[in-house]
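Printed here is target06.txt (compact mmCIF, C-alpha atoms):
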# COMPACT_ATOMS: atom_id res chain seq x y z
CA MET A 1 -23.59 -41.44 49.87
CA SER A 2 -20.19 -42.77 48.90
CA GLU A 3 -18.63 -44.64 51.79
CA ALA A 4 -15.10 -43.68 50.76
CA ILE A 5 -14.05 -40.39 49.21
CA ALA A 6 -10.77 -40.62 47.27
CA LEU A 7 -8.72 -37.46 47.79
CA HIS A 8 -5.14 -36.66 46.88
CA LYS A 9 -2.63 -35.50 49.48
CA GLY A 10 -3.34 -31.78 49.34
CA GLN A 11 -7.11 -32.22 49.38
CA SER A 12 -6.83 -34.68 52.27
CA GLN A 13 -4.90 -32.17 54.38
CA VAL A 14 -7.65 -29.57 54.10
CA ILE A 15 -10.35 -32.11 55.02
CA LYS A 16 -8.28 -33.43 57.92
CA ASP A 17 -7.79 -29.97 59.41
CA LEU A 18 -11.47 -29.01 59.08
CA PHE A 19 -13.20 -32.23 60.05
CA VAL A 20 -10.78 -34.63 61.76
CA ASP A 21 -8.31 -32.57 63.77
CA LYS A 22 -10.65 -29.56 63.78
CA SER A 23 -7.59 -27.35 63.97
CA CYS A 24 -9.35 -24.46 62.19
CA ARG A 25 -12.81 -23.07 61.50
CA TYR A 26 -11.90 -21.19 58.34
CA ALA A 27 -9.72 -22.86 55.71
CA VAL A 28 -8.45 -20.58 52.95
CA VAL A 29 -7.17 -22.49 49.93
CA ASN A 30 -5.10 -20.69 47.29
CA ALA A 31 -4.87 -23.24 44.47
CA SER A 32 -3.90 -23.36 40.83
CA ARG A 33 -6.08 -24.71 38.06
CA GLY A 34 -6.21 -28.48 38.02
CA PHE A 35 -5.87 -28.94 41.79
CA GLY A 36 -9.39 -30.32 42.13
CA LYS A 37 -10.92 -27.37 43.98
CA SER A 38 -14.51 -28.30 43.15
CA PHE A 39 -14.02 -31.92 44.19
CA VAL A 40 -12.56 -31.13 47.60
CA ALA A 41 -15.24 -28.45 48.12
CA ALA A 42 -18.00 -30.94 47.31
CA ALA A 43 -16.38 -33.54 49.57
CA ALA A 44 -16.27 -31.04 52.44
CA ALA A 45 -19.94 -30.16 51.96
CA VAL A 46 -20.93 -33.83 51.99
CA ILE A 47 -18.96 -34.48 55.19
CA ALA A 48 -20.73 -31.53 56.80
CA VAL A 49 -24.07 -33.00 55.70
CA GLN A 50 -23.13 -36.32 57.28
CA GLU A 51 -22.31 -34.58 60.57
CA LEU A 52 -25.65 -32.79 60.57
CA MET A 53 -27.62 -35.95 59.80
CA GLU A 54 -26.23 -37.49 63.00
CA LEU A 55 -27.73 -34.72 65.15
CA GLY A 56 -31.18 -34.93 66.69
CA PRO A 57 -34.26 -33.63 64.83
CA GLU A 58 -34.68 -30.90 67.45
CA VAL A 59 -31.45 -29.17 66.34
CA PRO A 60 -32.28 -26.15 64.12
CA ASN A 61 -30.42 -24.51 61.22
CA LYS A 62 -28.98 -27.69 59.73
CA ASN A 63 -27.94 -25.98 56.52
CA VAL A 64 -24.93 -26.39 54.24
CA ALA A 65 -24.23 -23.93 51.41
CA ILE A 66 -21.95 -23.85 48.37
CA ILE A 67 -21.60 -20.38 46.84
CA CYS A 68 -20.17 -19.89 43.33
CA PRO A 69 -19.62 -16.77 41.21
CA THR A 70 -22.75 -17.53 39.14
CA TYR A 71 -25.76 -19.81 39.50
CA ALA A 72 -24.91 -21.58 36.24
CA GLN A 73 -21.53 -22.54 37.69
CA SER A 74 -23.06 -23.74 40.94
CA VAL A 75 -25.55 -26.00 39.16
CA ASP A 76 -23.39 -27.15 36.23
CA ILE A 77 -20.32 -27.94 38.36
CA TYR A 78 -21.64 -28.96 41.74
CA PHE A 79 -25.03 -30.55 41.16
CA PRO A 80 -23.69 -33.52 39.13
CA LEU A 81 -20.84 -33.97 41.63
CA LEU A 82 -23.16 -33.99 44.61
CA ALA A 83 -26.01 -35.97 43.06
CA HIS A 84 -24.06 -38.66 41.24
CA VAL A 85 -20.41 -38.84 42.34
CA PHE A 86 -21.24 -38.40 46.03
CA GLN A 87 -24.65 -40.07 45.56
CA LEU A 88 -26.74 -37.51 47.43
CA SER A 89 -29.57 -38.25 45.00
CA GLU A 90 -29.86 -41.70 46.58
CA VAL A 91 -30.00 -40.31 50.13
CA ALA A 92 -32.10 -37.19 49.65
CA ILE A 93 -35.80 -37.16 50.46
CA LYS A 94 -36.12 -34.97 47.39
CA TYR A 95 -33.87 -32.76 45.30
CA SER A 96 -34.19 -30.13 42.61
CA ARG A 97 -31.56 -29.24 40.04
CA ALA A 98 -33.55 -26.14 39.07
CA GLY A 99 -33.62 -25.05 42.70
CA GLY A 100 -30.10 -26.26 43.42
CA THR A 101 -31.27 -27.94 46.62
CA PHE A 102 -31.08 -31.33 48.33
CA TRP A 103 -33.52 -31.98 51.16
CA LEU A 104 -32.04 -34.73 53.31
CA PRO A 105 -33.18 -36.80 56.30
CA ASN A 106 -33.27 -35.24 59.76
CA ASN A 107 -34.13 -31.77 58.45
CA VAL A 108 -30.78 -31.25 56.71
CA THR A 109 -30.56 -29.03 53.62
CA LEU A 110 -27.72 -28.58 51.15
CA LYS A 111 -28.15 -25.71 48.71
CA VAL A 112 -25.95 -24.31 45.96
CA TRP A 113 -26.03 -20.54 45.59
CA SER A 114 -24.77 -17.89 43.23
CA TYR A 115 -22.73 -15.02 44.60
CA GLU A 116 -25.41 -12.69 43.22
CA ALA A 117 -28.10 -14.41 45.33
CA SER A 118 -26.08 -14.89 48.50
CA GLU A 119 -27.62 -11.74 49.99
CA ARG A 120 -30.78 -13.83 50.47
CA MET A 121 -28.80 -15.99 52.90
CA ARG A 122 -28.84 -13.10 55.36
CA GLY A 123 -30.46 -14.09 58.65
CA SER A 124 -30.19 -17.83 58.09
CA GLY A 125 -28.09 -20.24 60.10
CA GLN A 126 -25.40 -22.06 58.11
CA TYR A 127 -23.41 -24.94 59.60
CA PHE A 128 -20.88 -25.07 56.79
CA VAL A 129 -20.26 -22.80 53.81
CA VAL A 130 -18.08 -23.32 50.76
CA ALA A 131 -17.12 -19.98 49.19
CA ASP A 132 -15.84 -21.02 45.76
CA GLU A 133 -13.67 -18.99 43.35
CA VAL A 134 -14.12 -15.90 45.49
CA CYS A 135 -11.75 -13.80 43.39
CA SER A 136 -14.46 -13.90 40.69
CA TRP A 137 -17.21 -12.61 43.01
CA LYS A 138 -17.76 -9.37 41.14
CA GLY A 139 -20.52 -7.32 39.60
CA ALA A 140 -23.40 -8.23 41.89
CA GLY A 141 -23.75 -4.88 43.62
CA THR A 142 -21.56 -5.95 46.51
CA THR A 143 -18.01 -7.13 47.19
CA LEU A 144 -16.43 -10.27 48.60
CA GLN A 145 -15.62 -8.36 51.78
CA GLU A 146 -19.20 -7.13 52.21
CA SER A 147 -20.64 -10.58 51.48
CA TRP A 148 -18.32 -12.29 53.94
CA GLU A 149 -18.51 -9.76 56.77
CA SER A 150 -22.20 -8.81 56.47
CA VAL A 151 -23.83 -12.07 55.38
CA ILE A 152 -21.77 -15.26 55.36
CA GLN A 153 -19.72 -15.13 58.52
CA PRO A 154 -22.69 -13.95 60.65
CA CYS A 155 -24.67 -16.94 59.35
CA LEU A 156 -21.92 -19.18 60.73
CA THR A 157 -21.11 -17.44 63.97
CA THR A 158 -24.57 -16.57 65.31
CA ARG A 159 -26.73 -19.70 64.94
CA TRP A 160 -23.67 -21.99 64.98
CA SER A 161 -21.58 -20.21 67.61
CA LYS A 162 -19.42 -22.38 69.86
CA GLN A 163 -21.92 -21.91 72.69
CA ASN A 164 -24.86 -23.11 70.61
CA ALA A 165 -22.85 -25.92 69.02
CA ASP A 166 -21.69 -27.20 72.41
CA ALA A 167 -25.29 -27.25 73.65
CA TRP A 168 -26.25 -29.46 70.69
CA GLY A 169 -23.14 -31.67 70.87
CA ALA A 170 -21.97 -30.38 67.51
CA ASN A 171 -19.12 -28.48 65.91
CA SER A 172 -19.06 -24.72 65.47
CA GLY A 173 -19.87 -23.19 62.09
CA ARG A 174 -17.04 -23.53 59.59
CA ALA A 175 -16.13 -22.45 56.08
CA LEU A 176 -13.90 -23.41 53.17
CA ILE A 177 -12.84 -20.36 51.16
CA ILE A 178 -11.18 -21.40 47.94
CA SER A 179 -9.97 -19.66 44.79
CA THR A 180 -7.47 -19.36 42.03
CA PRO A 181 -5.52 -16.20 42.98
CA MET A 182 -6.03 -12.91 41.11
CA GLY A 183 -3.66 -10.36 42.61
CA TYR A 184 -3.72 -8.60 45.96
CA ASN A 185 -7.37 -8.33 47.04
CA TYR A 186 -9.66 -9.32 49.93
CA PHE A 187 -8.93 -12.99 49.27
CA HIS A 188 -5.28 -12.14 49.92
CA GLU A 189 -6.31 -10.53 53.22
CA MET A 190 -8.29 -13.64 54.18
CA TYR A 191 -5.30 -15.80 53.33
CA ASN A 192 -3.11 -13.80 55.71
CA ARG A 193 -5.64 -13.86 58.55
CA GLN A 194 -3.99 -16.97 59.97
CA ASP A 195 -1.16 -14.73 61.15
CA SER A 196 -3.44 -13.04 63.69
CA ASP A 197 -6.28 -15.50 64.32
CA SER A 198 -5.78 -19.18 65.21
CA GLN A 199 -9.23 -20.08 63.85
CA TRP A 200 -7.95 -19.42 60.33
CA LYS A 201 -5.58 -21.64 58.36
CA SER A 202 -4.25 -21.10 54.85
CA TYR A 203 -2.90 -23.35 52.15
CA THR A 204 -1.16 -22.83 48.82
CA PHE A 205 -1.19 -25.54 46.17
CA THR A 206 0.40 -25.27 42.72
CA TYR A 207 0.04 -27.55 39.72
CA HIS A 208 2.91 -29.62 41.20
CA ASP A 209 0.51 -30.68 43.98
CA SER A 210 -2.05 -32.12 41.58
CA PRO A 211 -1.86 -35.73 40.35
CA TYR A 212 -4.27 -34.83 37.55
CA LEU A 213 -1.80 -32.74 35.53
CA ASP A 214 0.93 -33.96 33.23
CA ASP A 215 4.30 -32.27 33.87
CA GLU A 216 5.32 -32.48 30.22
CA GLU A 217 2.08 -30.85 29.11
CA ILE A 218 2.44 -28.12 31.73
CA GLU A 219 5.93 -27.27 30.51
CA ARG A 220 4.61 -27.03 26.96
CA VAL A 221 1.71 -24.70 27.73
CA LYS A 222 3.89 -22.51 29.98
CA LEU A 223 5.34 -21.13 26.73
CA THR A 224 2.05 -19.41 25.97
CA LEU A 225 0.13 -19.23 29.27
CA ASP A 226 0.77 -17.46 32.57

For this file, produce the structure as structure tokens.
Amino acid sequence: MSEAIALHKGQSQVIKDLFVDKSCRYAVVNASRGFGKSFVAAAAAVIAVQELMELGPEVPNKNVAIICPTYAQSVDIYFPLLAHVFQLSEVAIKYSRAGGTFWLPNNVTLKVWSYEASERMRGSGQYFVVADEVCSWKGAGTTLQESWESVIQPCLTTRWSKQNADAWGANSGRALIISTPMGYNYFHEMYNRQDSDSQWKSYTFTYHDSPYLDDEEIERVKLTLD
């Protein structure tokens, strides 16, 4: 895996809070296009994999998941990032693009999922979950709220509760919830959860926070785009 991950200021803050300061378990990122959401999400997943690989082989449920609106998005966006940019293909015991899975040393698994298939995650233990573009989680017979409350959060808080994590010398289960905003919905509720629960922390990043976007070009396209 890459020894150094180059992140810009906004991306670095999210990673620092989740993995260095450990000041939150659930990071909710409200970001505009061009912020580098997929890159910071992949970086977070790789850091979680590194943490799990340092634990003993007797520790169970060493799983990391990235969930996207569709399986095509999860494979087309994340698999090349993980395999080649973050070099998981060089570390993995085996990997499958068709299956969206990396099997790594010390019984660690990283899998990319579609929102439609995330119901199959029910009952598993997940150490770290990326919930990507959650405002687009629609049309799969369930809702973002149902998926989070009935499937995803229980996967984090049962097998990777603080009590279990302390016994294994590890961190509690955590999640990065990230999306481009689309009105007042359950993502908006998750964003505001920091006001009542110290385990949650929220961030807002606009195109001004991205070094990848050209200010002159942004001003030009603002004439025709929202």

Exercise. Which residues come within 10 Å of Val85 (chain A), counting all atoms listed in the file, excluding same-chain residues fewer than 2 positions away, as a list in words?
Worked result: Met1, Ser2, Ile5, Phe39, Ala42, Ala43, Tyr78, Phe79, Pro80, Leu81, Leu82, Ala83, Gln87, Leu88 and Ser89 of chain A

Problem set entry | Separation of CA of Ala45 (chain A) from CA of Val108 (chain A) in Å |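 Taking CA of Val108 (chain A) and CA of Ala45 (chain A), their separation equals 11.9 Å.
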
Distance table requested - region 20-120 of chain A against region 165-180 of chain A, cut-off 8 Å, only C-alpha atoms: one row per qualifying residue with the closest atom pair and its distance in Å to one decimal, ordered by chain and rising residue number, as CSV.
residue,atom,partner,partner_atom,distance
A:Arg25,CA,A:Arg174,CA,4.7
A:Tyr26,CA,A:Ala175,CA,5.0
A:Ala27,CA,A:Leu176,CA,4.9
A:Val28,CA,A:Ile177,CA,4.7
A:Val29,CA,A:Ile178,CA,4.6
A:Asn30,CA,A:Ser179,CA,5.6
A:Ala31,CA,A:Thr180,CA,5.3
A:Ser32,CA,A:Thr180,CA,5.5
A:Arg33,CA,A:Thr180,CA,6.8
A:Lys37,CA,A:Ile178,CA,7.2
A:Ala41,CA,A:Leu176,CA,7.3
A:Leu55,CA,A:Ala170,CA,7.6
A:Val59,CA,A:Trp168,CA,6.8

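CA of Glu146 (chain A) is found 27.5 Å from CA of Ile47 (chain A).
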
Problem set entry | CA of Asn164 (chain A) to CA of Val20 (chain A), straight-line distance in Å |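 We find that CA of Val20 (chain A) and CA of Asn164 (chain A) lie 20.2 Å from each other.
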
Exercise. Nearest to Leu104 (chain A) among A:Gln73, A:Tyr191, A:Glu90, A:Glu133, with distances taken over all atoms listed in the file: which residue is it?
Worked result: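 Nearest candidate to Leu104 (chain A) out of A:Gln73, A:Tyr191, A:Glu90, A:Glu133: A:Glu90.
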
Exercise. Within 7 Å of (-24.9, -31.1, 52.0), all atoms listed in the file: residues as a list in words?
Worked result: Ala45, Val46, Ala48, Val49, Val64, Thr109 and Leu110 of chain A

Exercise. Looking at A:Val129, A:Ile66, A:Met53, A:Cys135, which one is nearest to Pro105 (chain A), with distances taken over all atoms listed in the file?
Worked result: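 Counting all atoms listed in the file, the residue closest to Pro105 (chain A) is A:Met53.
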
For this session: For each of A:Phe19, A:Phe35, A:Leu144, A:Tyr184, take the minimum atom-to-atom distance to Thr206 (chain A), counting only C-alpha atoms, then give the residue where this is smallest.
Result: A:Phe35
